Amino acid sequence: MSIEDEPLRIGPYAFRSRLFVGTGKFPDLETSRRAIEACGAEVVTVAVRRVDLADRSAGSLGAWLRESGLTLLPNTAGCTTADEAVRTARLARELLGTPLVKLEVIGDDRTLFPDVSATLEAARVLLAEGFVVLPYVNDDPVACKRLEELGCPAVMPLAAPIGSGLGIRNPVNLAIIVEQSRVPVIVDAGVGTASDASIAMELGCDGVLMNTAIACARDPVRMAHAMRLAVEAGRHAFLAGRIPPRMYASASSPLHGLIAPRGP
């Protein structure tokens with residue numbers, strides 16, 4: 001029996017790895033490169049407003065990303081209005097020649113929670129222009145359904161505030177989002193360690209996107225490898241189907257047909 005998994009399909013794209021990673025916060029380019037290789041990700045996200053993607057000079061992040069063969073997922077991090085996000089997405093398409101965009105419209109500077117109404121507004125515009133929109137959104141089943149209905153080929157609910165490392169704060173909502181969605185669900189933001197990634201995948205999420213948990217770990221390369229294993233393990237556990245929880249013990253060996261004890 002094969003234990004191979006189906007590719008993750010997002011619009012016209014297909015990926016073997018279900019771990020997406022960011023490129024920010026790493027101590028240096030070499031650590032970033034080694035960590036991305038260790039995690040096996042095929043998709044990396046880059047902040048258009050924070051990284052000079054036009055810089056192709058030797059040793060620059062932009063040059064390495066273009067030569068890496070990875071799928072680049074530009075994001076609109078730092079945008080606080082729908083208009084800003086739309087303009088940033090258009091700039092990314094010009095620079096990178098890709099219709100992919102991770103749509104972020106931040107509604108609060110302290111929590112970095114998304115502005116849902118502005119996200120919906122920007123998604124509507126970008127989808128009409130042919131973008132493949134992956135929206136960062138609250139772990140809100142209603143908002144995720146609305147974005148799916150607009151035509152987003154995936155939804156990206158947060159697990160916890162960006163960079164917090166708090167892990168899965170609301171597994172019930174994530175489970176509802178997974179149950180109702182007909183498009184991939186990719187947990188975005190809040191993962192702190194490998195077990196968080198496994199939990200997300202065991203809930204049935206189709207992928208996990210992270211940056212801080214890897215980049216700011218004491219050993220980013222080792223943590224990247226751990227995250228790769230965690231996503232794979234969680235995915236296989238979900239597909240295998242866990243046993244139902246029980247209140248009381250259930251013997252591993254059958255109780256009938258026991259051998260009678262011998263006398264003294």
# chains A, B, ... in the order shown; residues from 1 in each chain; ligands from 1
call {"tool": "residues_around", "arguments": {"residues": "Val137 of chain A", "least_positions_apart": "5", "cutoff": "7 Å", "atoms": "only C-alpha atoms", "output": "list in words"}}
result
Pro114, Val116, Met156, Pro157 and Leu158 of chain A
call {"tool": "select_by_dssp", "arguments": {"residues": "segment 20-247 of chain A", "states": "strand (DSSP E or B)", "output": "PDB file with N, CA and C atoms, in the first residue's frame"}}
result
ATOM      1  N   PHE A  20       4.789  26.303   3.911  1.00  0.00           N
ATOM      2  CA  PHE A  20       5.155  27.550   3.249  1.00  0.00           C
ATOM      3  C   PHE A  20       5.957  28.379   4.258  1.00  0.00           C
ATOM      4  N   VAL A  21       6.983  29.065   3.803  1.00  0.00           N
ATOM      5  CA  VAL A  21       7.816  29.822   4.740  1.00  0.00           C
ATOM      6  C   VAL A  21       8.060  31.242   4.254  1.00  0.00           C
ATOM      7  N   GLY A  22       8.327  32.104   5.238  1.00  0.00           N
ATOM      8  CA  GLY A  22       8.665  33.484   4.940  1.00  0.00           C
ATOM      9  C   GLY A  22      10.168  33.680   4.891  1.00  0.00           C
ATOM     10  N   VAL A  43       7.341  26.940  -1.645  1.00  0.00           N
ATOM     11  CA  VAL A  43       6.782  28.285  -1.750  1.00  0.00           C
ATOM     12  C   VAL A  43       7.358  29.150  -0.638  1.00  0.00           C
ATOM     13  N   VAL A  44       7.894  30.302  -1.011  1.00  0.00           N
ATOM     14  CA  VAL A  44       8.360  31.268  -0.014  1.00  0.00           C
ATOM     15  C   VAL A  44       7.635  32.585  -0.247  1.00  0.00           C
ATOM     16  N   THR A  45       7.277  33.220   0.852  1.00  0.00           N
ATOM     17  CA  THR A  45       6.569  34.486   0.743  1.00  0.00           C
ATOM     18  C   THR A  45       7.512  35.634   1.063  1.00  0.00           C
ATOM     19  N   VAL A  46       7.377  36.710   0.310  1.00  0.00           N
ATOM     20  CA  VAL A  46       8.242  37.879   0.478  1.00  0.00           C
ATOM     21  C   VAL A  46       7.383  39.127   0.565  1.00  0.00           C
ATOM     22  N   ALA A  47       7.768  40.017   1.473  1.00  0.00           N
ATOM     23  CA  ALA A  47       7.025  41.262   1.662  1.00  0.00           C
ATOM     24  C   ALA A  47       7.469  42.283   0.624  1.00  0.00           C
ATOM     25  N   THR A  71       8.835  28.790  -5.807  1.00  0.00           N
ATOM     26  CA  THR A  71       7.679  29.605  -6.185  1.00  0.00           C
ATOM     27  C   THR A  71       7.594  30.777  -5.225  1.00  0.00           C
ATOM     28  N   LEU A  72       7.614  31.980  -5.752  1.00  0.00           N
ATOM     29  CA  LEU A  72       7.567  33.175  -4.917  1.00  0.00           C
ATOM     30  C   LEU A  72       6.121  33.616  -4.711  1.00  0.00           C
ATOM     31  N   LEU A  73       5.785  33.854  -3.454  1.00  0.00           N
ATOM     32  CA  LEU A  73       4.453  34.315  -3.087  1.00  0.00           C
ATOM     33  C   LEU A  73       4.596  35.709  -2.488  1.00  0.00           C
ATOM     34  N   PRO A  74       4.506  36.746  -3.310  1.00  0.00           N
ATOM     35  CA  PRO A  74       4.609  38.100  -2.762  1.00  0.00           C
ATOM     36  C   PRO A  74       3.431  38.394  -1.843  1.00  0.00           C
ATOM     37  N   ASN A  75       3.692  39.143  -0.789  1.00  0.00           N
ATOM     38  CA  ASN A  75       2.590  39.504   0.106  1.00  0.00           C
ATOM     39  C   ASN A  75       2.494  41.011   0.267  1.00  0.00           C
ATOM     40  N   LEU A 100       0.319  35.245  -8.360  1.00  0.00           N
ATOM     41  CA  LEU A 100       0.131  34.861  -6.957  1.00  0.00           C
ATOM     42  C   LEU A 100       0.288  36.062  -6.040  1.00  0.00           C
ATOM     43  N   VAL A 101      -0.570  36.149  -5.026  1.00  0.00           N
ATOM     44  CA  VAL A 101      -0.393  37.174  -4.005  1.00  0.00           C
ATOM     45  C   VAL A 101      -1.010  36.689  -2.700  1.00  0.00           C
ATOM     46  N   LYS A 102      -0.244  36.868  -1.639  1.00  0.00           N
ATOM     47  CA  LYS A 102      -0.787  36.667  -0.299  1.00  0.00           C
ATOM     48  C   LYS A 102      -1.324  38.021   0.146  1.00  0.00           C
ATOM     49  N   LEU A 103      -2.633  38.106   0.269  1.00  0.00           N
ATOM     50  CA  LEU A 103      -3.294  39.378   0.546  1.00  0.00           C
ATOM     51  C   LEU A 103      -3.360  39.622   2.057  1.00  0.00           C
ATOM     52  N   ILE A 106      -3.939  44.972   7.133  1.00  0.00           N
ATOM     53  CA  ILE A 106      -3.900  44.998   8.588  1.00  0.00           C
ATOM     54  C   ILE A 106      -4.858  46.058   9.133  1.00  0.00           C
ATOM     55  N   PRO A 114      -6.181  41.154  10.799  1.00  0.00           N
ATOM     56  CA  PRO A 114      -6.603  41.686   9.497  1.00  0.00           C
ATOM     57  C   PRO A 114      -7.880  42.506   9.583  1.00  0.00           C
ATOM     58  N   VAL A 132      -4.216  35.329  -8.369  1.00  0.00           N
ATOM     59  CA  VAL A 132      -4.501  34.136  -7.563  1.00  0.00           C
ATOM     60  C   VAL A 132      -4.316  34.583  -6.118  1.00  0.00           C
ATOM     61  N   VAL A 133      -5.425  34.851  -5.456  1.00  0.00           N
ATOM     62  CA  VAL A 133      -5.415  35.544  -4.165  1.00  0.00           C
ATOM     63  C   VAL A 133      -5.491  34.551  -3.011  1.00  0.00           C
ATOM     64  N   LEU A 134      -4.482  34.606  -2.134  1.00  0.00           N
ATOM     65  CA  LEU A 134      -4.472  33.820  -0.908  1.00  0.00           C
ATOM     66  C   LEU A 134      -4.612  34.801   0.255  1.00  0.00           C
ATOM     67  N   PRO A 135      -5.795  34.934   0.838  1.00  0.00           N
ATOM     68  CA  PRO A 135      -6.023  35.983   1.822  1.00  0.00           C
ATOM     69  C   PRO A 135      -5.719  35.557   3.259  1.00  0.00           C
ATOM     70  N   TYR A 136      -4.949  36.394   3.951  1.00  0.00           N
ATOM     71  CA  TYR A 136      -4.730  36.266   5.394  1.00  0.00           C
ATOM     72  C   TYR A 136      -5.966  36.827   6.079  1.00  0.00           C
ATOM     73  N   VAL A 137      -6.553  36.032   6.988  1.00  0.00           N
ATOM     74  CA  VAL A 137      -7.827  36.429   7.573  1.00  0.00           C
ATOM     75  C   VAL A 137      -7.927  35.865   8.986  1.00  0.00           C
ATOM     76  N   VAL A 155      -7.844  29.799   1.544  1.00  0.00           N
ATOM     77  CA  VAL A 155      -7.996  30.778   2.613  1.00  0.00           C
ATOM     78  C   VAL A 155      -6.913  30.523   3.635  1.00  0.00           C
ATOM     79  N   MET A 156      -6.482  31.614   4.327  1.00  0.00           N
ATOM     80  CA  MET A 156      -5.341  31.519   5.234  1.00  0.00           C
ATOM     81  C   MET A 156      -5.700  32.106   6.600  1.00  0.00           C
ATOM     82  N   PRO A 157      -6.467  31.358   7.399  1.00  0.00           N
ATOM     83  CA  PRO A 157      -6.820  31.865   8.727  1.00  0.00           C
ATOM     84  C   PRO A 157      -5.629  31.820   9.675  1.00  0.00           C
ATOM     85  N   VAL A 185      -7.182  25.094   3.056  1.00  0.00           N
ATOM     86  CA  VAL A 185      -7.074  25.943   4.244  1.00  0.00           C
ATOM     87  C   VAL A 185      -5.626  25.884   4.722  1.00  0.00           C
ATOM     88  N   ILE A 186      -4.970  27.033   4.741  1.00  0.00           N
ATOM     89  CA  ILE A 186      -3.560  27.106   5.127  1.00  0.00           C
ATOM     90  C   ILE A 186      -3.458  27.980   6.370  1.00  0.00           C
ATOM     91  N   VAL A 187      -3.042  27.395   7.470  1.00  0.00           N
ATOM     92  CA  VAL A 187      -2.887  28.163   8.704  1.00  0.00           C
ATOM     93  C   VAL A 187      -1.736  29.149   8.535  1.00  0.00           C
ATOM     94  N   ASP A 188      -1.992  30.397   8.868  1.00  0.00           N
ATOM     95  CA  ASP A 188      -1.009  31.451   8.655  1.00  0.00           C
ATOM     96  C   ASP A 188      -0.896  32.282   9.928  1.00  0.00           C
ATOM     97  N   GLY A 207      -2.229  23.041   4.813  1.00  0.00           N
ATOM     98  CA  GLY A 207      -0.862  23.525   4.845  1.00  0.00           C
ATOM     99  C   GLY A 207      -0.667  24.496   5.984  1.00  0.00           C
ATOM    100  N   VAL A 208       0.585  24.879   6.216  1.00  0.00           N
ATOM    101  CA  VAL A 208       0.942  25.833   7.266  1.00  0.00           C
ATOM    102  C   VAL A 208       1.967  26.805   6.705  1.00  0.00           C
ATOM    103  N   LEU A 209       1.773  28.085   6.982  1.00  0.00           N
ATOM    104  CA  LEU A 209       2.742  29.101   6.599  1.00  0.00           C
ATOM    105  C   LEU A 209       3.339  29.688   7.872  1.00  0.00           C
ATOM    106  N   MET A 210       4.657  29.808   7.912  1.00  0.00           N
ATOM    107  CA  MET A 210       5.312  30.353   9.101  1.00  0.00           C
ATOM    108  C   MET A 210       6.592  31.084   8.709  1.00  0.00           C
TER     109      MET A 210
END
call {"tool": "atom_distance", "arguments": {"atom1": "atom CA of Ala123 of chain A", "atom2": "atom CA of Val172 of chain A"}}
result
25.7 Å
call {"tool": "closest_residue", "arguments": {"among": "A:Leu112, A:Val183, A:Leu95, A:Ala118", "to": "Pro161 of chain A", "atoms": "only C-alpha atoms"}}
result
A:Leu112
call {"tool": "residues_around", "arguments": {"residues": "Asp109 of chain A", "least_positions_apart": "6", "cutoff": "12 Å", "atoms": "only C-alpha atoms", "output": "list in words"}}
result
Ala77, Gly78, Cys79, Thr80, Asp115, Pro161 and Ile162 of chain A
call {"tool": "residues_around", "arguments": {"residues": "segment 7-13 of chain A", "least_positions_apart": "3", "cutoff": "8 Å", "atoms": "only C-alpha atoms", "output": "JSON, numbers by chain"}}
result
{"A": [16, 17, 18, 132, 153, 154, 183, 184, 206]}
call {"tool": "residues_around", "arguments": {"residues": "Ile168 of chain A", "least_positions_apart": "4", "cutoff": "12 Å", "atoms": "only C-alpha atoms", "output": "compact mmCIF listing (two decimals) with N, CA and C atoms, in the first residue's frame"}}
result
# COMPACT_ATOMS: atom_id res chain seq x y z
N ASP A 139 -9.49 33.69 12.14
CA ASP A 139 -10.02 32.32 12.19
C ASP A 139 -11.54 32.38 12.35
N PRO A 157 -6.47 31.36 7.40
CA PRO A 157 -6.82 31.86 8.73
C PRO A 157 -5.63 31.82 9.67
N LEU A 158 -5.56 32.81 10.58
CA LEU A 158 -4.49 32.83 11.56
C LEU A 158 -4.74 31.79 12.65
N ALA A 159 -3.64 31.34 13.26
CA ALA A 159 -3.73 30.48 14.44
C ALA A 159 -3.65 31.31 15.71
N ALA A 160 -2.90 32.41 15.63
CA ALA A 160 -2.69 33.35 16.72
C ALA A 160 -2.07 34.59 16.09
N PRO A 161 -1.91 35.68 16.85
CA PRO A 161 -1.32 36.88 16.26
C PRO A 161 0.04 36.62 15.61
N ILE A 162 0.32 37.35 14.55
CA ILE A 162 1.56 37.19 13.79
C ILE A 162 2.77 37.30 14.72
N SER A 164 3.57 35.73 17.34
CA SER A 164 3.37 35.53 18.77
C SER A 164 3.87 34.19 19.26
N VAL A 172 -11.40 24.82 17.49
CA VAL A 172 -12.79 24.59 17.10
C VAL A 172 -13.12 25.38 15.83
N ASN A 173 -12.76 26.66 15.82
CA ASN A 173 -13.03 27.47 14.62
C ASN A 173 -12.28 26.94 13.41
N LEU A 174 -11.02 26.55 13.61
CA LEU A 174 -10.26 26.01 12.49
C LEU A 174 -10.91 24.74 11.95
N ALA A 175 -11.39 23.90 12.85
CA ALA A 175 -12.06 22.67 12.41
C ALA A 175 -13.32 22.98 11.62
N VAL A 187 -3.04 27.40 7.47
CA VAL A 187 -2.89 28.16 8.70
C VAL A 187 -1.74 29.15 8.54
N ASP A 188 -1.99 30.40 8.87
CA ASP A 188 -1.01 31.45 8.66
C ASP A 188 -0.90 32.28 9.93
N ALA A 189 0.27 32.27 10.55
CA ALA A 189 0.58 33.13 11.69
C ALA A 189 0.29 32.46 13.02
N GLY A 190 1.24 32.62 13.94
CA GLY A 190 1.05 32.19 15.32
C GLY A 190 1.71 30.90 15.71
N VAL A 191 2.19 30.12 14.74
CA VAL A 191 2.85 28.85 15.06
C VAL A 191 4.15 29.15 15.82
N GLY A 192 4.40 28.37 16.90
CA GLY A 192 5.59 28.61 17.69
C GLY A 192 6.59 27.47 17.65
N THR A 193 6.09 26.25 17.52
CA THR A 193 6.98 25.10 17.53
C THR A 193 6.35 23.97 16.72
N ALA A 194 7.08 22.86 16.61
CA ALA A 194 6.67 21.79 15.71
C ALA A 194 5.31 21.21 16.06
N SER A 195 5.01 21.07 17.35
CA SER A 195 3.73 20.49 17.73
C SER A 195 2.56 21.34 17.26
N ASP A 196 2.73 22.66 17.20
CA ASP A 196 1.66 23.53 16.68
C ASP A 196 1.36 23.21 15.22
N ALA A 197 2.41 23.00 14.45
CA ALA A 197 2.23 22.67 13.04
C ALA A 197 1.52 21.33 12.89
N SER A 198 1.90 20.36 13.71
CA SER A 198 1.25 19.05 13.66
C SER A 198 -0.23 19.15 14.00
N ILE A 199 -0.55 19.94 15.03
CA ILE A 199 -1.96 20.09 15.42
C ILE A 199 -2.77 20.68 14.28
N ALA A 200 -2.23 21.69 13.64
CA ALA A 200 -2.95 22.30 12.51
C ALA A 200 -3.24 21.28 11.43
N MET A 201 -2.25 20.46 11.11
CA MET A 201 -2.43 19.45 10.07
C MET A 201 -3.37 18.34 10.53
N GLU A 202 -3.30 17.96 11.80
CA GLU A 202 -4.19 16.92 12.32
C GLU A 202 -5.64 17.38 12.31
N LEU A 203 -5.87 18.69 12.40
CA LEU A 203 -7.23 19.23 12.30
C LEU A 203 -7.78 19.15 10.88
N CYS A 205 -6.19 20.87 8.23
CA CYS A 205 -5.71 21.98 7.41
C CYS A 205 -4.80 21.43 6.32
N VAL A 208 0.58 24.88 6.22
CA VAL A 208 0.94 25.83 7.27
C VAL A 208 1.97 26.80 6.71
call {"tool": "residues_around", "arguments": {"residues": "Arg34 of chain A", "least_positions_apart": "5", "cutoff": "10 Å", "atoms": "only C-alpha atoms", "output": "PyMOL selection string"}}
result
chain A and resi 29+39+220-222+224
call {"tool": "write_last_selection", "arguments": {"atoms": "N, CA, C and O atoms", "output": "mmCIF file, in the first residue's frame"}}
result
data_model
loop_
_atom_site.group_PDB
_atom_site.id
_atom_site.type_symbol
_atom_site.label_atom_id
_atom_site.label_comp_id
_atom_site.auth_asym_id
_atom_site.auth_seq_id
_atom_site.Cartn_x
_atom_site.Cartn_y
_atom_site.Cartn_z
ATOM 1 N N LEU A 29 21.525 36.038 5.169
ATOM 2 C CA LEU A 29 21.036 35.358 3.976
ATOM 3 C C LEU A 29 21.405 33.881 3.974
ATOM 4 O O LEU A 29 20.600 33.030 3.582
ATOM 5 N N CYS A 39 13.707 22.856 5.362
ATOM 6 C CA CYS A 39 12.271 22.637 5.578
ATOM 7 C C CYS A 39 11.584 22.047 4.348
ATOM 8 O O CYS A 39 10.443 21.595 4.432
ATOM 9 N N PRO A 220 17.781 28.079 13.631
ATOM 10 C CA PRO A 220 16.747 28.126 12.590
ATOM 11 C C PRO A 220 16.764 26.931 11.642
ATOM 12 O O PRO A 220 15.705 26.457 11.230
ATOM 13 N N VAL A 221 17.941 26.433 11.324
ATOM 14 C CA VAL A 221 18.022 25.324 10.363
ATOM 15 C C VAL A 221 17.443 24.052 10.978
ATOM 16 O O VAL A 221 16.676 23.327 10.339
ATOM 17 N N ARG A 222 17.785 23.776 12.220
ATOM 18 C CA ARG A 222 17.237 22.594 12.881
ATOM 19 C C ARG A 222 15.725 22.726 13.075
ATOM 20 O O ARG A 222 14.977 21.760 12.911
ATOM 21 N N ALA A 224 13.722 24.420 11.196
ATOM 22 C CA ALA A 224 13.117 24.243 9.872
ATOM 23 C C ALA A 224 12.937 22.766 9.556
ATOM 24 O O ALA A 224 11.889 22.344 9.036
#
call {"tool": "closest_residue", "arguments": {"among": "A:Leu65, A:Ala41, A:Ile176, A:Ala213", "to": "Arg228 of chain A", "atoms": "only C-alpha atoms"}}
result
A:Ala41
call {"tool": "decode", "arguments": {"residues": "segment 127-220 of chain A", "atoms": "C-alpha atoms", "output": "PDB file, in the first residue's frame"}}
result
ATOM      1  CA  LEU A 127      -9.607  38.449  -8.440  1.00  0.00           C
ATOM      2  CA  ALA A 128     -11.296  40.457 -11.179  1.00  0.00           C
ATOM      3  CA  GLU A 129      -7.803  41.358 -12.466  1.00  0.00           C
ATOM      4  CA  GLY A 130      -6.730  37.720 -12.678  1.00  0.00           C
ATOM      5  CA  PHE A 131      -4.709  37.424  -9.475  1.00  0.00           C
ATOM      6  CA  VAL A 132      -4.501  34.136  -7.563  1.00  0.00           C
ATOM      7  CA  VAL A 133      -5.415  35.544  -4.165  1.00  0.00           C
ATOM      8  CA  LEU A 134      -4.472  33.820  -0.908  1.00  0.00           C
ATOM      9  CA  PRO A 135      -6.023  35.983   1.822  1.00  0.00           C
ATOM     10  CA  TYR A 136      -4.730  36.266   5.394  1.00  0.00           C
ATOM     11  CA  VAL A 137      -7.827  36.429   7.573  1.00  0.00           C
ATOM     12  CA  ASN A 138      -9.100  35.845  11.103  1.00  0.00           C
ATOM     13  CA  ASP A 139     -10.019  32.318  12.191  1.00  0.00           C
ATOM     14  CA  ASP A 140     -13.593  33.278  11.345  1.00  0.00           C
ATOM     15  CA  PRO A 141     -15.652  30.690   9.442  1.00  0.00           C
ATOM     16  CA  VAL A 142     -17.963  33.358   7.999  1.00  0.00           C
ATOM     17  CA  ALA A 143     -15.118  35.504   6.655  1.00  0.00           C
ATOM     18  CA  CYS A 144     -13.405  32.449   5.183  1.00  0.00           C
ATOM     19  CA  LYS A 145     -16.610  31.366   3.450  1.00  0.00           C
ATOM     20  CA  ARG A 146     -17.126  34.847   1.984  1.00  0.00           C
ATOM     21  CA  LEU A 147     -13.588  34.876   0.575  1.00  0.00           C
ATOM     22  CA  GLU A 148     -14.093  31.421  -0.912  1.00  0.00           C
ATOM     23  CA  GLU A 149     -17.362  32.551  -2.495  1.00  0.00           C
ATOM     24  CA  LEU A 150     -15.557  35.525  -4.078  1.00  0.00           C
ATOM     25  CA  GLY A 151     -13.239  33.077  -5.833  1.00  0.00           C
ATOM     26  CA  CYS A 152     -10.141  32.835  -3.634  1.00  0.00           C
ATOM     27  CA  PRO A 153      -8.502  29.449  -4.376  1.00  0.00           C
ATOM     28  CA  ALA A 154      -7.400  29.102  -0.729  1.00  0.00           C
ATOM     29  CA  VAL A 155      -7.996  30.778   2.613  1.00  0.00           C
ATOM     30  CA  MET A 156      -5.341  31.519   5.234  1.00  0.00           C
ATOM     31  CA  PRO A 157      -6.820  31.865   8.727  1.00  0.00           C
ATOM     32  CA  LEU A 158      -4.487  32.826  11.556  1.00  0.00           C
ATOM     33  CA  ALA A 159      -3.734  30.477  14.439  1.00  0.00           C
ATOM     34  CA  ALA A 160      -2.690  33.348  16.723  1.00  0.00           C
ATOM     35  CA  PRO A 161      -1.325  36.882  16.264  1.00  0.00           C
ATOM     36  CA  ILE A 162       1.561  37.192  13.790  1.00  0.00           C
ATOM     37  CA  GLY A 163       4.905  36.388  15.388  1.00  0.00           C
ATOM     38  CA  SER A 164       3.367  35.533  18.774  1.00  0.00           C
ATOM     39  CA  GLY A 165       4.287  31.842  18.828  1.00  0.00           C
ATOM     40  CA  LEU A 166       1.120  31.133  20.817  1.00  0.00           C
ATOM     41  CA  GLY A 167       0.132  28.175  18.652  1.00  0.00           C
ATOM     42  CA  ILE A 168      -3.412  27.078  17.802  1.00  0.00           C
ATOM     43  CA  ARG A 169      -5.651  29.242  19.975  1.00  0.00           C
ATOM     44  CA  ASN A 170      -8.999  28.255  18.490  1.00  0.00           C
ATOM     45  CA  PRO A 171      -8.998  24.674  17.185  1.00  0.00           C
ATOM     46  CA  VAL A 172     -12.794  24.588  17.097  1.00  0.00           C
ATOM     47  CA  ASN A 173     -13.033  27.467  14.623  1.00  0.00           C
ATOM     48  CA  LEU A 174     -10.258  26.015  12.487  1.00  0.00           C
ATOM     49  CA  ALA A 175     -12.062  22.667  12.413  1.00  0.00           C
ATOM     50  CA  ILE A 176     -15.263  24.417  11.285  1.00  0.00           C
ATOM     51  CA  ILE A 177     -13.367  26.285   8.559  1.00  0.00           C
ATOM     52  CA  VAL A 178     -11.843  23.025   7.319  1.00  0.00           C
ATOM     53  CA  GLU A 179     -15.212  21.265   7.375  1.00  0.00           C
ATOM     54  CA  GLN A 180     -17.016  23.932   5.373  1.00  0.00           C
ATOM     55  CA  SER A 181     -14.270  24.831   2.895  1.00  0.00           C
ATOM     56  CA  ARG A 182     -14.058  23.541  -0.655  1.00  0.00           C
ATOM     57  CA  VAL A 183     -10.678  25.180  -1.140  1.00  0.00           C
ATOM     58  CA  PRO A 184      -7.403  24.544   0.719  1.00  0.00           C
ATOM     59  CA  VAL A 185      -7.074  25.943   4.244  1.00  0.00           C
ATOM     60  CA  ILE A 186      -3.560  27.106   5.127  1.00  0.00           C
ATOM     61  CA  VAL A 187      -2.887  28.163   8.704  1.00  0.00           C
ATOM     62  CA  ASP A 188      -1.009  31.451   8.655  1.00  0.00           C
ATOM     63  CA  ALA A 189       0.579  33.132  11.695  1.00  0.00           C
ATOM     64  CA  GLY A 190       1.049  32.192  15.315  1.00  0.00           C
ATOM     65  CA  VAL A 191       2.855  28.852  15.057  1.00  0.00           C
ATOM     66  CA  GLY A 192       5.586  28.605  17.694  1.00  0.00           C
ATOM     67  CA  THR A 193       6.977  25.097  17.533  1.00  0.00           C
ATOM     68  CA  ALA A 194       6.670  21.792  15.706  1.00  0.00           C
ATOM     69  CA  SER A 195       3.729  20.489  17.735  1.00  0.00           C
ATOM     70  CA  ASP A 196       1.663  23.528  16.685  1.00  0.00           C
ATOM     71  CA  ALA A 197       2.229  22.667  13.041  1.00  0.00           C
ATOM     72  CA  SER A 198       1.247  19.050  13.658  1.00  0.00           C
ATOM     73  CA  ILE A 199      -1.959  20.088  15.424  1.00  0.00           C
ATOM     74  CA  ALA A 200      -2.948  22.303  12.512  1.00  0.00           C
ATOM     75  CA  MET A 201      -2.429  19.454  10.067  1.00  0.00           C
ATOM     76  CA  GLU A 202      -4.190  16.921  12.317  1.00  0.00           C
ATOM     77  CA  LEU A 203      -7.231  19.231  12.303  1.00  0.00           C
ATOM     78  CA  GLY A 204      -7.342  18.764   8.542  1.00  0.00           C
ATOM     79  CA  CYS A 205      -5.708  21.983   7.406  1.00  0.00           C
ATOM     80  CA  ASP A 206      -4.022  21.632   4.033  1.00  0.00           C
ATOM     81  CA  GLY A 207      -0.862  23.525   4.845  1.00  0.00           C
ATOM     82  CA  VAL A 208       0.942  25.833   7.266  1.00  0.00           C
ATOM     83  CA  LEU A 209       2.742  29.101   6.599  1.00  0.00           C
ATOM     84  CA  MET A 210       5.312  30.353   9.101  1.00  0.00           C
ATOM     85  CA  ASN A 211       8.287  32.655   9.429  1.00  0.00           C
ATOM     86  CA  THR A 212       9.106  33.783  12.981  1.00  0.00           C
ATOM     87  CA  ALA A 213       8.992  30.283  14.481  1.00  0.00           C
ATOM     88  CA  ILE A 214      11.850  29.244  12.213  1.00  0.00           C
ATOM     89  CA  ALA A 215      13.773  32.478  11.695  1.00  0.00           C
ATOM     90  CA  CYS A 216      13.890  33.423  15.379  1.00  0.00           C
ATOM     91  CA  ALA A 217      14.573  29.952  16.791  1.00  0.00           C
ATOM     92  CA  ARG A 218      17.920  29.419  18.509  1.00  0.00           C
ATOM     93  CA  ASP A 219      18.861  27.126  15.616  1.00  0.00           C
ATOM     94  CA  PRO A 220      16.747  28.126  12.590  1.00  0.00           C
TER      95      PRO A 220
END
